[in-house]
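To start, the structure under review is shown below, and the notes come after it.
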Amino acid sequence: GQLVPSPPFRFHHVLLGDMYLELLPREDLPGHCAVFFRCRVPTMRLGVKLEDSSGAFCKTFESIGKSSPEDDLKASRFLGINAAAPRVIQPDGSLTIRATLEQVVAIPGKLAELMPRLDERVHWPKRL
């Protein structure tokens, strides 16, 4: 199968950068696919929860910044979906996956140093 990427998205903290999902049709399981969570920071590790819109398929796992689909399949770092299950594929043919950030496990040191300073700025007086 060929990887199909999602459009990029961001969680609440802009410094974490763009995230995206990749869908891989499973050749070993016809009608099934694997959904991988991706971030563009190679050394970042995030605890994420992926769930399809029907709620039938849900998994929490640790995503590693620069990981290959092969490595993620071996380590079971993906959400497995049966596309033939009821309400998984929408009437328009789309698949909706909800991604939730459960935990920031590891981020590069310089990035970690910037985050508290940006969080402090939220409380500074604003000019109108």
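A note on labels: chains of the structure tokens are A, B, ... as shown, every chain counts residues from 1, and ligands are counted from 1 in their shown order.
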* All alpha helix (DSSP H) residues (DSSP, backbone) inside segment 12-111 of chain A, as a PyMOL selection string -> chain A and resi 69-75+109-111
Selection from above, N, CA and C atoms, as an mmCIF file, in the first residue's frame, can you write it?
data_model
loop_
_atom_site.group_PDB
_atom_site.id
_atom_site.type_symbol
_atom_site.label_atom_id
_atom_site.label_comp_id
_atom_site.auth_asym_id
_atom_site.auth_seq_id
_atom_site.Cartn_x
_atom_site.Cartn_y
_atom_site.Cartn_z
ATOM 1 N N PRO A 69 7.262 3.930 8.931
ATOM 2 C CA PRO A 69 6.077 3.064 9.068
ATOM 3 C C PRO A 69 6.455 1.631 9.458
ATOM 4 N N GLU A 70 7.544 1.128 8.903
ATOM 5 C CA GLU A 70 7.981 -0.234 9.229
ATOM 6 C C GLU A 70 8.304 -0.361 10.715
ATOM 7 N N ASP A 71 9.046 0.630 11.253
ATOM 8 C CA ASP A 71 9.384 0.597 12.680
ATOM 9 C C ASP A 71 8.132 0.711 13.539
ATOM 10 N N ASP A 72 7.218 1.590 13.126
ATOM 11 C CA ASP A 72 5.993 1.778 13.903
ATOM 12 C C ASP A 72 5.102 0.539 13.861
ATOM 13 N N LEU A 73 5.053 -0.150 12.736
ATOM 14 C CA LEU A 73 4.278 -1.392 12.668
ATOM 15 C C LEU A 73 4.873 -2.440 13.602
ATOM 16 N N LYS A 74 6.196 -2.584 13.595
ATOM 17 C CA LYS A 74 6.862 -3.569 14.463
ATOM 18 C C LYS A 74 6.629 -3.265 15.936
ATOM 19 N N ALA A 75 6.655 -1.968 16.294
ATOM 20 C CA ALA A 75 6.513 -1.550 17.696
ATOM 21 C C ALA A 75 5.055 -1.308 18.098
ATOM 22 N N GLY A 109 15.994 20.012 24.136
ATOM 23 C CA GLY A 109 16.272 20.900 25.260
ATOM 24 C C GLY A 109 15.983 22.365 24.991
ATOM 25 N N LYS A 110 16.428 22.884 23.863
ATOM 26 C CA LYS A 110 16.220 24.309 23.552
ATOM 27 C C LYS A 110 14.742 24.634 23.427
ATOM 28 N N LEU A 111 13.987 23.725 22.882
ATOM 29 C CA LEU A 111 12.547 23.917 22.754
ATOM 30 C C LEU A 111 11.888 23.926 24.141
#
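Shell of Pro8 of chain A at 12 Å, with only C-alpha atoms counted and residues fewer than 4 places along the chain excluded, is Gly17, Asp18, Met19, Tyr20, Leu21, Glu22, Phe37, Arg38, Cys39, Arg40 and Ala99 of chain A.
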* Asked: What lies within 9 Å of Val104 of chain A using only C-alpha atoms, ignoring chain neighbours under 3 positions off, as a list in words?
  -> Met44, Arg45, Leu46, Gly47, Val48, Leu101 and Ile107 of chain A
* To do: Find the residues around segment 84-98 of chain A up to 7 Å (only C-alpha atoms counted), leave out those fewer than 5 positions away in its own chain, and share them as a PyMOL selection string.
  => chain A and resi 31+50-54
Limited to N, CA, C and O atoms, could you put the picked residues into a file as a JSON list (two decimals), in the first residue's frame?
[["chain", "number", "residue", "atom", "x", "y", "z"],
["A", 31, "GLY", "N", -8.83, -4.65, 3.66],
["A", 31, "GLY", "CA", -9.90, -3.88, 4.27],
["A", 31, "GLY", "C", -9.50, -3.15, 5.54],
["A", 31, "GLY", "O", -10.27, -2.40, 6.10],
["A", 50, "LEU", "N", -5.30, 8.24, 19.39],
["A", 50, "LEU", "CA", -5.99, 8.34, 18.11],
["A", 50, "LEU", "C", -7.29, 7.55, 18.20],
["A", 50, "LEU", "O", -7.32, 6.45, 18.76],
["A", 51, "GLU", "N", -8.37, 8.13, 17.65],
["A", 51, "GLU", "CA", -9.67, 7.48, 17.69],
["A", 51, "GLU", "C", -10.46, 7.83, 16.44],
["A", 51, "GLU", "O", -10.46, 8.97, 15.99],
["A", 52, "ASP", "N", -11.14, 6.83, 15.87],
["A", 52, "ASP", "CA", -11.97, 7.11, 14.70],
["A", 52, "ASP", "C", -13.28, 7.74, 15.16],
["A", 52, "ASP", "O", -13.62, 7.70, 16.35],
["A", 53, "SER", "N", -14.00, 8.36, 14.24],
["A", 53, "SER", "CA", -15.21, 9.11, 14.60],
["A", 53, "SER", "C", -16.33, 8.22, 15.14],
["A", 53, "SER", "O", -17.19, 8.71, 15.87],
["A", 54, "SER", "N", -16.33, 6.94, 14.83],
["A", 54, "SER", "CA", -17.37, 6.05, 15.34],
["A", 54, "SER", "C", -17.08, 5.62, 16.77],
["A", 54, "SER", "O", -17.97, 5.14, 17.46]]
* Might you pull out every residue within 10 Å of His32 of chain A, with only C-alpha atoms counted and same-chain residues fewer than 5 positions away left off, and present them as a VMD selection string? => chain A and resid 24 to 27 80 to 85
Expected file: the selected residues, N, CA and C atoms, as a PDB file, in the first residue's frame:
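See again-v4.pdb below for the written result:
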ATOM      1  N   LEU A  24      -1.950   3.949   6.036  1.00  0.00           N
ATOM      2  CA  LEU A  24      -1.329   2.910   5.217  1.00  0.00           C
ATOM      3  C   LEU A  24      -2.290   1.731   5.087  1.00  0.00           C
ATOM      4  N   PRO A  25      -2.796   1.458   3.869  1.00  0.00           N
ATOM      5  CA  PRO A  25      -3.615   0.253   3.681  1.00  0.00           C
ATOM      6  C   PRO A  25      -2.765  -0.981   4.012  1.00  0.00           C
ATOM      7  N   ARG A  26      -3.349  -1.918   4.761  1.00  0.00           N
ATOM      8  CA  ARG A  26      -2.603  -3.115   5.187  1.00  0.00           C
ATOM      9  C   ARG A  26      -2.719  -4.194   4.117  1.00  0.00           C
ATOM     10  N   GLU A  27      -1.600  -4.561   3.536  1.00  0.00           N
ATOM     11  CA  GLU A  27      -1.598  -5.627   2.530  1.00  0.00           C
ATOM     12  C   GLU A  27      -1.822  -6.983   3.185  1.00  0.00           C
ATOM     13  N   GLY A  80      -4.966   0.749  14.402  1.00  0.00           N
ATOM     14  CA  GLY A  80      -5.475  -0.168  13.386  1.00  0.00           C
ATOM     15  C   GLY A  80      -6.965   0.045  13.199  1.00  0.00           C
ATOM     16  N   ILE A  81      -7.392   0.093  11.953  1.00  0.00           N
ATOM     17  CA  ILE A  81      -8.802   0.337  11.639  1.00  0.00           C
ATOM     18  C   ILE A  81      -9.295  -0.677  10.620  1.00  0.00           C
ATOM     19  N   ASN A  82     -10.501  -1.181  10.858  1.00  0.00           N
ATOM     20  CA  ASN A  82     -11.190  -2.012   9.877  1.00  0.00           C
ATOM     21  C   ASN A  82     -12.146  -1.083   9.137  1.00  0.00           C
ATOM     22  N   ALA A  83     -11.839  -0.759   7.905  1.00  0.00           N
ATOM     23  CA  ALA A  83     -12.631   0.197   7.129  1.00  0.00           C
ATOM     24  C   ALA A  83     -14.040  -0.315   6.832  1.00  0.00           C
ATOM     25  N   ALA A  84     -14.258  -1.614   6.959  1.00  0.00           N
ATOM     26  CA  ALA A  84     -15.580  -2.177   6.686  1.00  0.00           C
ATOM     27  C   ALA A  84     -16.503  -2.127   7.908  1.00  0.00           C
ATOM     28  N   ALA A  85     -15.982  -1.745   9.057  1.00  0.00           N
ATOM     29  CA  ALA A  85     -16.810  -1.673  10.270  1.00  0.00           C
ATOM     30  C   ALA A  85     -17.849  -0.557  10.127  1.00  0.00           C
TER      31      ALA A  85
END
* Asked: How many Å separate atom CA of Ile64 of chain A from atom CA of Asp28 of chain A?
  -> 23.9 Å
* To do: Could you pull out the residues in chain A that DSSP calls strand (DSSP E or B) from the backbone, as a ChimeraX atom specification?
  => /A:4-5,9,19-25,32-39,45-52,58-64,79-82,89,95,97-106
So that I have them on file, write out the residues from the current selection with C-alpha atoms, as a PDB file, in the first residue's frame.
ATOM      1  CA  VAL A   4      -1.705   8.796   2.393  1.00  0.00           C
ATOM      2  CA  PRO A   5      -0.856  11.903   4.489  1.00  0.00           C
ATOM      3  CA  PHE A   9      -2.493  20.388  12.240  1.00  0.00           C
ATOM      4  CA  MET A  19       1.656  17.287  13.216  1.00  0.00           C
ATOM      5  CA  TYR A  20       0.021  15.056  10.648  1.00  0.00           C
ATOM      6  CA  LEU A  21      -1.369  11.564  10.217  1.00  0.00           C
ATOM      7  CA  GLU A  22      -0.442   8.942   7.654  1.00  0.00           C
ATOM      8  CA  LEU A  23      -2.766   6.155   6.548  1.00  0.00           C
ATOM      9  CA  LEU A  24      -1.329   2.910   5.217  1.00  0.00           C
ATOM     10  CA  PRO A  25      -3.615   0.253   3.681  1.00  0.00           C
ATOM     11  CA  HIS A  32      -7.778  -2.738   7.198  1.00  0.00           C
ATOM     12  CA  CYS A  33      -5.414   0.207   7.505  1.00  0.00           C
ATOM     13  CA  ALA A  34      -2.841   1.567   9.939  1.00  0.00           C
ATOM     14  CA  VAL A  35      -2.941   5.222  10.992  1.00  0.00           C
ATOM     15  CA  PHE A  36       0.370   6.705  12.120  1.00  0.00           C
ATOM     16  CA  PHE A  37       0.885   9.939  14.064  1.00  0.00           C
ATOM     17  CA  ARG A  38       3.734  12.124  12.776  1.00  0.00           C
ATOM     18  CA  CYS A  39       5.561  15.219  13.969  1.00  0.00           C
ATOM     19  CA  ARG A  45       8.328  11.827  21.704  1.00  0.00           C
ATOM     20  CA  LEU A  46       4.651  12.370  22.414  1.00  0.00           C
ATOM     21  CA  GLY A  47       1.999  10.262  24.080  1.00  0.00           C
ATOM     22  CA  VAL A  48      -0.990  10.473  21.732  1.00  0.00           C
ATOM     23  CA  LYS A  49      -4.469   9.017  21.521  1.00  0.00           C
ATOM     24  CA  LEU A  50      -5.994   8.339  18.105  1.00  0.00           C
ATOM     25  CA  GLU A  51      -9.673   7.481  17.693  1.00  0.00           C
ATOM     26  CA  ASP A  52     -11.965   7.113  14.696  1.00  0.00           C
ATOM     27  CA  CYS A  58      -9.062   3.836  19.688  1.00  0.00           C
ATOM     28  CA  LYS A  59      -5.464   3.547  20.842  1.00  0.00           C
ATOM     29  CA  THR A  60      -2.995   5.480  22.998  1.00  0.00           C
ATOM     30  CA  PHE A  61       0.711   5.078  22.251  1.00  0.00           C
ATOM     31  CA  GLU A  62       4.034   6.892  22.272  1.00  0.00           C
ATOM     32  CA  SER A  63       4.902   8.478  18.944  1.00  0.00           C
ATOM     33  CA  ILE A  64       8.550   9.034  18.034  1.00  0.00           C
ATOM     34  CA  LEU A  79      -4.104   2.838  15.246  1.00  0.00           C
ATOM     35  CA  GLY A  80      -5.475  -0.168  13.386  1.00  0.00           C
ATOM     36  CA  ILE A  81      -8.802   0.337  11.639  1.00  0.00           C
ATOM     37  CA  ASN A  82     -11.190  -2.012   9.877  1.00  0.00           C
ATOM     38  CA  ILE A  89     -16.092   5.462   6.668  1.00  0.00           C
ATOM     39  CA  LEU A  95     -12.333   8.876   7.397  1.00  0.00           C
ATOM     40  CA  ILE A  97      -9.535  10.536  13.127  1.00  0.00           C
ATOM     41  CA  ARG A  98      -9.370  12.503  16.386  1.00  0.00           C
ATOM     42  CA  ALA A  99      -5.856  13.048  17.738  1.00  0.00           C
ATOM     43  CA  THR A 100      -5.355  13.971  21.395  1.00  0.00           C
ATOM     44  CA  LEU A 101      -2.054  14.935  23.001  1.00  0.00           C
ATOM     45  CA  GLU A 102      -1.871  12.896  26.211  1.00  0.00           C
ATOM     46  CA  GLN A 103       1.711  13.654  27.274  1.00  0.00           C
ATOM     47  CA  VAL A 104       4.880  15.370  26.112  1.00  0.00           C
ATOM     48  CA  VAL A 105       7.402  12.600  26.818  1.00  0.00           C
ATOM     49  CA  ALA A 106      10.557  14.189  25.381  1.00  0.00           C
TER      50      ALA A 106
END
